[in-house]
$ cat start-v1.cif   # mmCIF, all heavy atoms
data_data
#
loop_
_atom_site.label_atom_id
_atom_site.label_comp_id
_atom_site.auth_asym_id
_atom_site.auth_seq_id
_atom_site.Cartn_x
_atom_site.Cartn_y
_atom_site.Cartn_z
N MET A 9 83.08 24.85 -134.88
CA MET A 9 81.71 24.36 -134.81
C MET A 9 81.20 24.03 -136.21
O MET A 9 81.61 24.67 -137.18
CB MET A 9 80.80 25.40 -134.15
CG MET A 9 80.93 25.44 -132.63
SD MET A 9 79.67 26.43 -131.84
CE MET A 9 80.50 28.01 -131.82
N GLU A 10 80.32 23.07 -136.28
CA GLU A 10 79.82 22.59 -137.56
C GLU A 10 78.76 23.52 -138.14
O GLU A 10 77.93 24.05 -137.42
CB GLU A 10 79.21 21.20 -137.38
CG GLU A 10 80.19 20.18 -136.86
CD GLU A 10 79.51 18.92 -136.37
OE1 GLU A 10 78.35 18.97 -135.95
OE2 GLU A 10 80.16 17.86 -136.41
N LYS A 11 78.82 23.69 -139.46
CA LYS A 11 77.81 24.47 -140.17
C LYS A 11 76.76 23.50 -140.71
O LYS A 11 77.06 22.35 -141.00
CB LYS A 11 78.44 25.27 -141.30
CG LYS A 11 79.40 26.32 -140.79
CD LYS A 11 80.00 27.12 -141.93
CE LYS A 11 80.97 28.16 -141.38
NZ LYS A 11 81.57 28.96 -142.43
N TRP A 12 75.54 23.99 -140.85
CA TRP A 12 74.42 23.18 -141.32
C TRP A 12 73.72 23.92 -142.46
O TRP A 12 73.53 25.13 -142.40
CB TRP A 12 73.43 22.93 -140.19
CG TRP A 12 73.98 22.00 -139.15
CD1 TRP A 12 74.95 22.28 -138.22
CD2 TRP A 12 73.62 20.65 -138.94
NE1 TRP A 12 75.20 21.18 -137.45
CE2 TRP A 12 74.40 20.16 -137.87
CE3 TRP A 12 72.71 19.78 -139.55
CZ2 TRP A 12 74.28 18.86 -137.40
CZ3 TRP A 12 72.60 18.50 -139.07
CH2 TRP A 12 73.38 18.04 -138.01
N GLU A 13 73.35 23.17 -143.51
CA GLU A 13 72.73 23.77 -144.70
C GLU A 13 71.28 23.36 -144.84
O GLU A 13 70.94 22.17 -144.69
CB GLU A 13 73.50 23.35 -145.95
CG GLU A 13 72.95 23.98 -147.21
CD GLU A 13 73.77 23.63 -148.44
OE1 GLU A 13 74.69 22.80 -148.35
OE2 GLU A 13 73.46 24.19 -149.50
N CYS A 14 70.43 24.32 -145.16
CA CYS A 14 69.02 24.04 -145.44
C CYS A 14 68.93 23.33 -146.79
O CYS A 14 69.42 23.85 -147.80
CB CYS A 14 68.23 25.34 -145.47
SG CYS A 14 66.49 25.12 -145.89
N THR A 15 68.31 22.14 -146.80
CA THR A 15 68.21 21.39 -148.05
C THR A 15 67.14 21.95 -148.97
O THR A 15 67.06 21.55 -150.13
CB THR A 15 67.90 19.91 -147.76
OG1 THR A 15 66.66 19.81 -147.05
CG2 THR A 15 69.00 19.26 -146.95
N VAL A 16 66.34 22.89 -148.48
CA VAL A 16 65.29 23.50 -149.30
C VAL A 16 65.83 24.69 -150.09
O VAL A 16 65.65 24.76 -151.30
CB VAL A 16 64.08 23.92 -148.43
CG1 VAL A 16 63.03 24.62 -149.27
CG2 VAL A 16 63.49 22.71 -147.71
N CYS A 17 66.53 25.61 -149.40
CA CYS A 17 66.95 26.85 -150.08
C CYS A 17 68.46 27.07 -150.12
O CYS A 17 68.92 27.98 -150.80
CB CYS A 17 66.27 28.05 -149.42
SG CYS A 17 66.95 28.47 -147.79
N GLY A 18 69.23 26.28 -149.38
CA GLY A 18 70.67 26.45 -149.41
C GLY A 18 71.24 27.37 -148.35
O GLY A 18 72.46 27.56 -148.28
N TYR A 19 70.39 27.96 -147.50
CA TYR A 19 70.89 28.79 -146.41
C TYR A 19 71.81 27.96 -145.52
O TYR A 19 71.53 26.81 -145.22
CB TYR A 19 69.71 29.33 -145.58
CG TYR A 19 70.11 29.91 -144.24
CD1 TYR A 19 70.59 31.21 -144.15
CD2 TYR A 19 69.98 29.17 -143.06
CE1 TYR A 19 70.95 31.76 -142.92
CE2 TYR A 19 70.34 29.71 -141.83
CZ TYR A 19 70.82 31.00 -141.77
OH TYR A 19 71.18 31.52 -140.56
N VAL A 20 72.93 28.55 -145.12
CA VAL A 20 73.87 27.85 -144.24
C VAL A 20 73.83 28.50 -142.86
O VAL A 20 74.08 29.70 -142.72
CB VAL A 20 75.30 27.88 -144.81
CG1 VAL A 20 76.28 27.26 -143.82
CG2 VAL A 20 75.35 27.14 -146.15
N TYR A 21 73.50 27.68 -141.85
CA TYR A 21 73.54 28.15 -140.47
C TYR A 21 74.99 28.07 -139.99
O TYR A 21 75.59 27.00 -139.96
CB TYR A 21 72.66 27.31 -139.54
CG TYR A 21 72.83 27.71 -138.09
CD1 TYR A 21 72.29 28.89 -137.62
CD2 TYR A 21 73.61 26.95 -137.23
CE1 TYR A 21 72.49 29.30 -136.31
CE2 TYR A 21 73.82 27.34 -135.91
CZ TYR A 21 73.26 28.52 -135.46
OH TYR A 21 73.47 28.92 -134.17
N ASP A 22 75.53 29.23 -139.63
CA ASP A 22 76.90 29.32 -139.11
C ASP A 22 76.81 29.60 -137.61
O ASP A 22 76.35 30.67 -137.21
CB ASP A 22 77.64 30.45 -139.82
CG ASP A 22 79.08 30.61 -139.35
OD1 ASP A 22 79.49 29.93 -138.39
OD2 ASP A 22 79.79 31.44 -139.94
N PRO A 23 77.21 28.63 -136.78
CA PRO A 23 77.10 28.82 -135.33
C PRO A 23 77.81 30.07 -134.82
O PRO A 23 77.37 30.67 -133.85
CB PRO A 23 77.75 27.57 -134.75
CG PRO A 23 77.72 26.57 -135.84
CD PRO A 23 77.79 27.34 -137.12
N GLU A 24 78.91 30.46 -135.47
CA GLU A 24 79.63 31.64 -135.01
C GLU A 24 78.79 32.91 -135.17
O GLU A 24 78.91 33.84 -134.39
CB GLU A 24 80.96 31.78 -135.75
CG GLU A 24 81.95 30.68 -135.38
CD GLU A 24 83.29 30.84 -136.05
OE1 GLU A 24 83.59 31.94 -136.58
OE2 GLU A 24 84.05 29.86 -136.04
N ALA A 25 77.93 32.94 -136.17
CA ALA A 25 77.07 34.10 -136.40
C ALA A 25 75.73 33.96 -135.69
O ALA A 25 75.12 34.95 -135.31
CB ALA A 25 76.84 34.28 -137.90
N GLY A 26 75.26 32.72 -135.52
CA GLY A 26 73.94 32.51 -134.94
C GLY A 26 72.85 32.99 -135.88
O GLY A 26 73.05 33.12 -137.09
N ASP A 27 71.70 33.30 -135.33
CA ASP A 27 70.57 33.87 -136.08
C ASP A 27 69.90 34.89 -135.16
O ASP A 27 68.85 34.63 -134.58
CB ASP A 27 69.58 32.78 -136.50
CG ASP A 27 68.35 33.33 -137.20
OD1 ASP A 27 68.41 34.46 -137.74
OD2 ASP A 27 67.31 32.64 -137.19
N PRO A 28 70.56 36.06 -135.00
CA PRO A 28 70.03 37.06 -134.07
C PRO A 28 68.56 37.44 -134.31
O PRO A 28 67.81 37.60 -133.36
CB PRO A 28 70.94 38.27 -134.28
CG PRO A 28 72.21 37.69 -134.82
CD PRO A 28 71.79 36.50 -135.64
N ASP A 29 68.16 37.53 -135.58
CA ASP A 29 66.77 37.87 -135.88
C ASP A 29 65.81 36.76 -135.44
O ASP A 29 64.64 37.01 -135.17
CB ASP A 29 66.58 38.15 -137.37
CG ASP A 29 67.29 39.43 -137.81
OD1 ASP A 29 67.59 40.28 -136.94
OD2 ASP A 29 67.57 39.56 -139.01
N GLY A 30 66.32 35.52 -135.37
CA GLY A 30 65.51 34.39 -134.95
C GLY A 30 65.69 34.04 -133.48
O GLY A 30 65.19 33.01 -133.01
N GLY A 31 66.42 34.89 -132.75
CA GLY A 31 66.59 34.69 -131.32
C GLY A 31 67.72 33.73 -130.96
O GLY A 31 67.81 33.31 -129.81
N ILE A 32 68.59 33.41 -131.92
CA ILE A 32 69.70 32.50 -131.67
C ILE A 32 70.99 33.34 -131.56
O ILE A 32 71.42 33.94 -132.54
CB ILE A 32 69.84 31.44 -132.79
CG1 ILE A 32 68.51 30.74 -133.06
CG2 ILE A 32 70.95 30.45 -132.44
CD1 ILE A 32 67.92 30.01 -131.87
N VAL A 33 71.57 33.36 -130.38
CA VAL A 33 72.76 34.18 -130.16
C VAL A 33 73.99 33.55 -130.83
O VAL A 33 74.02 32.33 -131.04
CB VAL A 33 73.04 34.39 -128.65
CG1 VAL A 33 71.89 35.13 -128.00
CG2 VAL A 33 73.30 33.08 -127.95
N PRO A 34 74.98 34.37 -131.19
CA PRO A 34 76.21 33.83 -131.77
C PRO A 34 76.84 32.77 -130.87
O PRO A 34 76.68 32.79 -129.65
CB PRO A 34 77.11 35.06 -131.90
CG PRO A 34 76.14 36.19 -132.06
CD PRO A 34 74.98 35.83 -131.17
N ASN A 35 77.54 31.84 -131.51
CA ASN A 35 78.23 30.73 -130.84
C ASN A 35 77.27 29.68 -130.27
O ASN A 35 77.62 28.98 -129.33
CB ASN A 35 79.20 31.24 -129.77
CG ASN A 35 80.29 32.09 -130.38
OD1 ASN A 35 80.92 31.71 -131.36
ND2 ASN A 35 80.51 33.27 -129.82
N THR A 36 76.07 29.57 -130.88
CA THR A 36 75.12 28.54 -130.48
C THR A 36 75.24 27.37 -131.43
O THR A 36 74.95 27.50 -132.62
CB THR A 36 73.67 29.07 -130.52
OG1 THR A 36 73.56 30.20 -129.65
CG2 THR A 36 72.68 28.00 -130.10
N PRO A 37 75.69 26.19 -130.94
CA PRO A 37 75.77 25.01 -131.81
C PRO A 37 74.37 24.63 -132.32
O PRO A 37 73.37 24.87 -131.64
CB PRO A 37 76.31 23.91 -130.89
CG PRO A 37 76.86 24.61 -129.70
CD PRO A 37 76.12 25.91 -129.58
N PHE A 38 74.33 24.03 -133.51
CA PHE A 38 73.05 23.67 -134.13
C PHE A 38 72.21 22.78 -133.22
O PHE A 38 70.99 22.95 -133.14
CB PHE A 38 73.30 22.97 -135.48
CG PHE A 38 72.06 22.80 -136.30
CD1 PHE A 38 71.50 23.86 -136.99
CD2 PHE A 38 71.43 21.57 -136.40
CE1 PHE A 38 70.35 23.70 -137.76
CE2 PHE A 38 70.28 21.39 -137.16
CZ PHE A 38 69.75 22.47 -137.84
N ASP A 39 72.85 21.85 -132.51
CA ASP A 39 72.08 20.93 -131.67
C ASP A 39 71.50 21.60 -130.42
O ASP A 39 70.69 21.00 -129.72
CB ASP A 39 72.89 19.69 -131.30
CG ASP A 39 74.13 20.00 -130.46
OD1 ASP A 39 74.51 21.19 -130.34
OD2 ASP A 39 74.71 19.05 -129.92
N LYS A 40 71.89 22.84 -130.16
CA LYS A 40 71.34 23.58 -129.01
C LYS A 40 70.23 24.54 -129.42
O LYS A 40 69.64 25.20 -128.58
CB LYS A 40 72.45 24.36 -128.30
CG LYS A 40 73.58 23.49 -127.76
CD LYS A 40 73.09 22.58 -126.67
CE LYS A 40 74.27 21.79 -126.10
NZ LYS A 40 73.83 20.67 -125.27
N ILE A 41 69.94 24.61 -130.73
CA ILE A 41 68.86 25.47 -131.21
C ILE A 41 67.53 24.77 -130.88
O ILE A 41 67.40 23.56 -131.03
CB ILE A 41 68.96 25.67 -132.74
CG1 ILE A 41 70.24 26.44 -133.08
CG2 ILE A 41 67.74 26.41 -133.27
CD1 ILE A 41 70.47 26.55 -134.57
N PRO A 42 66.52 25.52 -130.43
CA PRO A 42 65.22 24.91 -130.13
C PRO A 42 64.64 24.19 -131.35
O PRO A 42 64.85 24.62 -132.49
CB PRO A 42 64.34 26.09 -129.74
CG PRO A 42 65.29 27.18 -129.34
CD PRO A 42 66.54 26.96 -130.14
N ASP A 43 63.91 23.10 -131.11
CA ASP A 43 63.36 22.30 -132.20
C ASP A 43 62.34 23.06 -133.04
O ASP A 43 62.09 22.69 -134.19
CB ASP A 43 62.72 21.02 -131.65
CG ASP A 43 63.76 20.04 -131.14
OD1 ASP A 43 64.93 20.11 -131.58
OD2 ASP A 43 63.40 19.20 -130.29
N ASP A 44 61.75 24.12 -132.50
CA ASP A 44 60.75 24.87 -133.27
C ASP A 44 61.35 26.00 -134.11
O ASP A 44 60.63 26.73 -134.78
CB ASP A 44 59.65 25.40 -132.35
CG ASP A 44 60.17 26.37 -131.30
OD1 ASP A 44 61.40 26.54 -131.16
OD2 ASP A 44 59.33 26.96 -130.60
N TRP A 45 62.69 26.12 -134.10
CA TRP A 45 63.36 27.13 -134.94
C TRP A 45 63.18 26.75 -136.41
O TRP A 45 63.13 25.58 -136.77
CB TRP A 45 64.85 27.16 -134.58
CG TRP A 45 65.68 28.11 -135.41
CD1 TRP A 45 65.81 29.44 -135.24
CD2 TRP A 45 66.51 27.76 -136.52
NE1 TRP A 45 66.67 29.96 -136.18
CE2 TRP A 45 67.11 28.93 -136.98
CE3 TRP A 45 66.80 26.57 -137.18
CZ2 TRP A 45 67.99 28.97 -138.06
CZ3 TRP A 45 67.68 26.60 -138.25
CH2 TRP A 45 68.26 27.79 -138.68
N VAL A 46 63.05 27.75 -137.27
CA VAL A 46 62.92 27.51 -138.71
C VAL A 46 63.95 28.32 -139.47
O VAL A 46 64.48 29.32 -138.97
CB VAL A 46 61.50 27.84 -139.23
CG1 VAL A 46 60.47 26.92 -138.59
CG2 VAL A 46 61.15 29.29 -138.99
N CYS A 47 64.22 27.89 -140.70
CA CYS A 47 65.16 28.59 -141.57
C CYS A 47 64.71 30.04 -141.73
O CYS A 47 63.55 30.29 -142.06
CB CYS A 47 65.20 27.90 -142.93
SG CYS A 47 66.25 28.74 -144.15
N PRO A 48 65.62 31.00 -141.50
CA PRO A 48 65.24 32.41 -141.61
C PRO A 48 64.97 32.86 -143.05
O PRO A 48 64.39 33.92 -143.26
CB PRO A 48 66.43 33.15 -141.02
CG PRO A 48 67.58 32.22 -141.17
CD PRO A 48 67.00 30.84 -141.06
N VAL A 49 65.36 32.06 -144.03
CA VAL A 49 65.14 32.43 -145.43
C VAL A 49 63.83 31.86 -145.96
O VAL A 49 63.01 32.58 -146.52
CB VAL A 49 66.33 31.98 -146.31
CG1 VAL A 49 66.05 32.24 -147.77
CG2 VAL A 49 67.61 32.67 -145.87
N CYS A 50 63.63 30.54 -145.77
CA CYS A 50 62.46 29.91 -146.39
C CYS A 50 61.46 29.30 -145.41
O CYS A 50 60.40 28.84 -145.84
CB CYS A 50 62.92 28.83 -147.39
SG CYS A 50 63.59 27.34 -146.61
N GLY A 51 61.80 29.26 -144.12
CA GLY A 51 60.86 28.73 -143.14
C GLY A 51 60.89 27.21 -142.98
O GLY A 51 60.03 26.65 -142.32
N ALA A 52 61.87 26.55 -143.59
CA ALA A 52 61.98 25.10 -143.46
C ALA A 52 62.26 24.74 -142.00
O ALA A 52 62.90 25.49 -141.27
CB ALA A 52 63.10 24.57 -144.35
N THR A 53 61.79 23.57 -141.59
CA THR A 53 62.00 23.12 -140.22
C THR A 53 63.44 22.64 -140.02
O THR A 53 64.15 22.33 -140.98
CB THR A 53 61.01 22.01 -139.87
OG1 THR A 53 61.14 20.95 -140.82
CG2 THR A 53 59.58 22.53 -139.85
N LYS A 54 63.82 22.55 -138.76
CA LYS A 54 65.20 22.20 -138.40
C LYS A 54 65.61 20.83 -138.95
O LYS A 54 66.78 20.63 -139.29
CB LYS A 54 65.32 22.23 -136.88
CG LYS A 54 66.73 22.11 -136.36
CD LYS A 54 66.76 22.25 -134.85
CE LYS A 54 68.11 21.84 -134.31
NZ LYS A 54 68.14 21.79 -132.87
N ASP A 55 64.67 19.91 -139.08
CA ASP A 55 65.01 18.56 -139.57
C ASP A 55 65.30 18.54 -141.07
O ASP A 55 65.68 17.50 -141.61
CB ASP A 55 63.94 17.54 -139.21
CG ASP A 55 62.59 17.83 -139.85
OD1 ASP A 55 62.39 18.92 -140.42
OD2 ASP A 55 61.72 16.94 -139.77
N GLN A 56 65.14 19.68 -141.74
CA GLN A 56 65.45 19.78 -143.17
C GLN A 56 66.85 20.33 -143.42
O GLN A 56 67.18 20.71 -144.53
CB GLN A 56 64.37 20.59 -143.88
CG GLN A 56 63.03 19.87 -143.89
CD GLN A 56 61.96 20.67 -144.58
OE1 GLN A 56 61.50 21.69 -144.09
NE2 GLN A 56 61.56 20.21 -145.76
N PHE A 57 67.66 20.36 -142.37
CA PHE A 57 69.05 20.81 -142.48
C PHE A 57 69.99 19.61 -142.45
O PHE A 57 69.70 18.62 -141.79
CB PHE A 57 69.41 21.73 -141.31
CG PHE A 57 68.94 23.17 -141.51
CD1 PHE A 57 67.60 23.49 -141.44
CD2 PHE A 57 69.85 24.19 -141.73
CE1 PHE A 57 67.16 24.79 -141.61
CE2 PHE A 57 69.44 25.49 -141.89
CZ PHE A 57 68.10 25.80 -141.84
N GLU A 58 71.09 19.72 -143.18
CA GLU A 58 72.11 18.69 -143.20
C GLU A 58 73.45 19.31 -142.85
O GLU A 58 73.73 20.44 -143.25
CB GLU A 58 72.20 18.02 -144.57
CG GLU A 58 70.99 17.20 -144.93
CD GLU A 58 71.13 16.53 -146.29
OE1 GLU A 58 72.06 16.87 -147.06
OE2 GLU A 58 70.29 15.68 -146.59
N LYS A 59 74.27 18.55 -142.15
CA LYS A 59 75.60 19.02 -141.77
C LYS A 59 76.44 19.24 -143.02
O LYS A 59 76.44 18.43 -143.92
CB LYS A 59 76.27 18.01 -140.85
CG LYS A 59 77.56 18.49 -140.26
CD LYS A 59 78.21 17.59 -139.25
CE LYS A 59 77.60 16.24 -139.02
NZ LYS A 59 78.36 15.40 -138.12
N VAL A 60 77.16 20.36 -143.07
CA VAL A 60 78.05 20.67 -144.17
C VAL A 60 79.34 19.89 -143.93
O VAL A 60 79.95 19.99 -142.87
CB VAL A 60 78.33 22.18 -144.26
CG1 VAL A 60 79.36 22.47 -145.33
CG2 VAL A 60 77.05 22.96 -144.51
N GLU A 61 79.74 19.11 -144.93
CA GLU A 61 80.96 18.29 -144.79
C GLU A 61 82.19 19.10 -145.15
O GLU A 61 82.19 19.96 -145.93
CB GLU A 61 80.88 17.07 -145.73
CG GLU A 61 79.73 16.16 -145.38
CD GLU A 61 79.87 15.51 -144.01
OE1 GLU A 61 81.02 15.27 -143.57
OE2 GLU A 61 78.86 15.23 -143.38
#
$ encode --input "start-v1.cif" --output "structure tokens"
Amino acid sequence: MEKWECTVCGYVYDPEAGDPDGGIVPNTPFDKIPDDWVCPVCGATKDQFEKVE
């Protein structure tokens, strides 16, 4: 699964880990995360993430 990086703070969303504190269970692809989810580090919106190449 693809990882996504916050362009504001550098946090990397890893689908294998998810974001349990943010209500995202492990193995959730980025495109399946709700649109109102925000970066757990800096609060940036989902549209401020870019796919890690």
$ residues_around --input "start-v1.cif" --residues "A:Asp22" --least-positions-apart "4" --cutoff "6 Å" --atoms "all heavy atoms" --output "VMD selection string"
chain A and resid 9 to 12 26 to 27 35 to 36
$ atom_distance --input "start-v1.cif" --atom1 "atom CA of A:Gly31" --atom2 "atom CA of A:Gln56"
19.1 Å
$ residues_around --input "start-v1.cif" --residues "A:Cys17" --least-positions-apart "3" --cutoff "6 Å" --atoms "all atoms listed in the file" --output "PDB file with all heavy atoms, keeping the file's coordinate frame"
ATOM      1  N   GLU A  13      73.350  23.170-143.510  1.00  0.00           N
ATOM      2  CA  GLU A  13      72.730  23.770-144.700  1.00  0.00           C
ATOM      3  C   GLU A  13      71.280  23.360-144.840  1.00  0.00           C
ATOM      4  O   GLU A  13      70.940  22.170-144.690  1.00  0.00           O
ATOM      5  CB  GLU A  13      73.500  23.350-145.950  1.00  0.00           C
ATOM      6  CG  GLU A  13      72.950  23.980-147.210  1.00  0.00           C
ATOM      7  CD  GLU A  13      73.770  23.630-148.440  1.00  0.00           C
ATOM      8  OE1 GLU A  13      74.690  22.800-148.350  1.00  0.00           O
ATOM      9  OE2 GLU A  13      73.460  24.190-149.500  1.00  0.00           O
ATOM     10  N   CYS A  14      70.430  24.320-145.160  1.00  0.00           N
ATOM     11  CA  CYS A  14      69.020  24.040-145.440  1.00  0.00           C
ATOM     12  C   CYS A  14      68.930  23.330-146.790  1.00  0.00           C
ATOM     13  O   CYS A  14      69.420  23.850-147.800  1.00  0.00           O
ATOM     14  CB  CYS A  14      68.230  25.340-145.470  1.00  0.00           C
ATOM     15  SG  CYS A  14      66.490  25.120-145.890  1.00  0.00           S
ATOM     16  N   CYS A  47      64.220  27.890-140.700  1.00  0.00           N
ATOM     17  CA  CYS A  47      65.160  28.590-141.570  1.00  0.00           C
ATOM     18  C   CYS A  47      64.710  30.040-141.730  1.00  0.00           C
ATOM     19  O   CYS A  47      63.550  30.290-142.060  1.00  0.00           O
ATOM     20  CB  CYS A  47      65.200  27.900-142.930  1.00  0.00           C
ATOM     21  SG  CYS A  47      66.250  28.740-144.150  1.00  0.00           S
ATOM     22  N   VAL A  49      65.360  32.060-144.030  1.00  0.00           N
ATOM     23  CA  VAL A  49      65.140  32.430-145.430  1.00  0.00           C
ATOM     24  C   VAL A  49      63.830  31.860-145.960  1.00  0.00           C
ATOM     25  O   VAL A  49      63.010  32.580-146.520  1.00  0.00           O
ATOM     26  CB  VAL A  49      66.330  31.980-146.310  1.00  0.00           C
ATOM     27  CG1 VAL A  49      66.050  32.240-147.770  1.00  0.00           C
ATOM     28  CG2 VAL A  49      67.610  32.670-145.870  1.00  0.00           C
ATOM     29  N   CYS A  50      63.630  30.540-145.770  1.00  0.00           N
ATOM     30  CA  CYS A  50      62.460  29.910-146.390  1.00  0.00           C
ATOM     31  C   CYS A  50      61.460  29.300-145.410  1.00  0.00           C
ATOM     32  O   CYS A  50      60.400  28.840-145.840  1.00  0.00           O
ATOM     33  CB  CYS A  50      62.920  28.830-147.390  1.00  0.00           C
ATOM     34  SG  CYS A  50      63.590  27.340-146.610  1.00  0.00           S
TER      35      CYS A  50
END
$ residues_around --input "start-v1.cif" --residues "A:Thr53" --least-positions-apart "4" --cutoff "10 Å" --atoms "only C-alpha atoms" --output "list in words"
Cys14, Val16, Asp43, Asp44, Trp45, Val46, Cys47, Pro48 and Phe57 of chain A
$ select_by_dssp --input "start-v1.cif" --residues "chain A" --states "helix (DSSP H, G or I)" --output "MDAnalysis selection string"
chainID A and resid 28:30 38:40 54:56
$ atom_distance --input "start-v1.cif" --atom1 "atom CB of A:Lys54" --atom2 "atom OH of A:Tyr19"
11.6 Å
$ atom_distance --input "start-v1.cif" --atom1 "atom CA of A:Gly18" --atom2 "atom CA of A:Glu61"
13.9 Å
$ select_by_dssp --input "start-v1.cif" --residues "chain A" --states "strand (DSSP E)" --output "PyMOL selection string"
chain A and resi 12-14+20-21+57-59
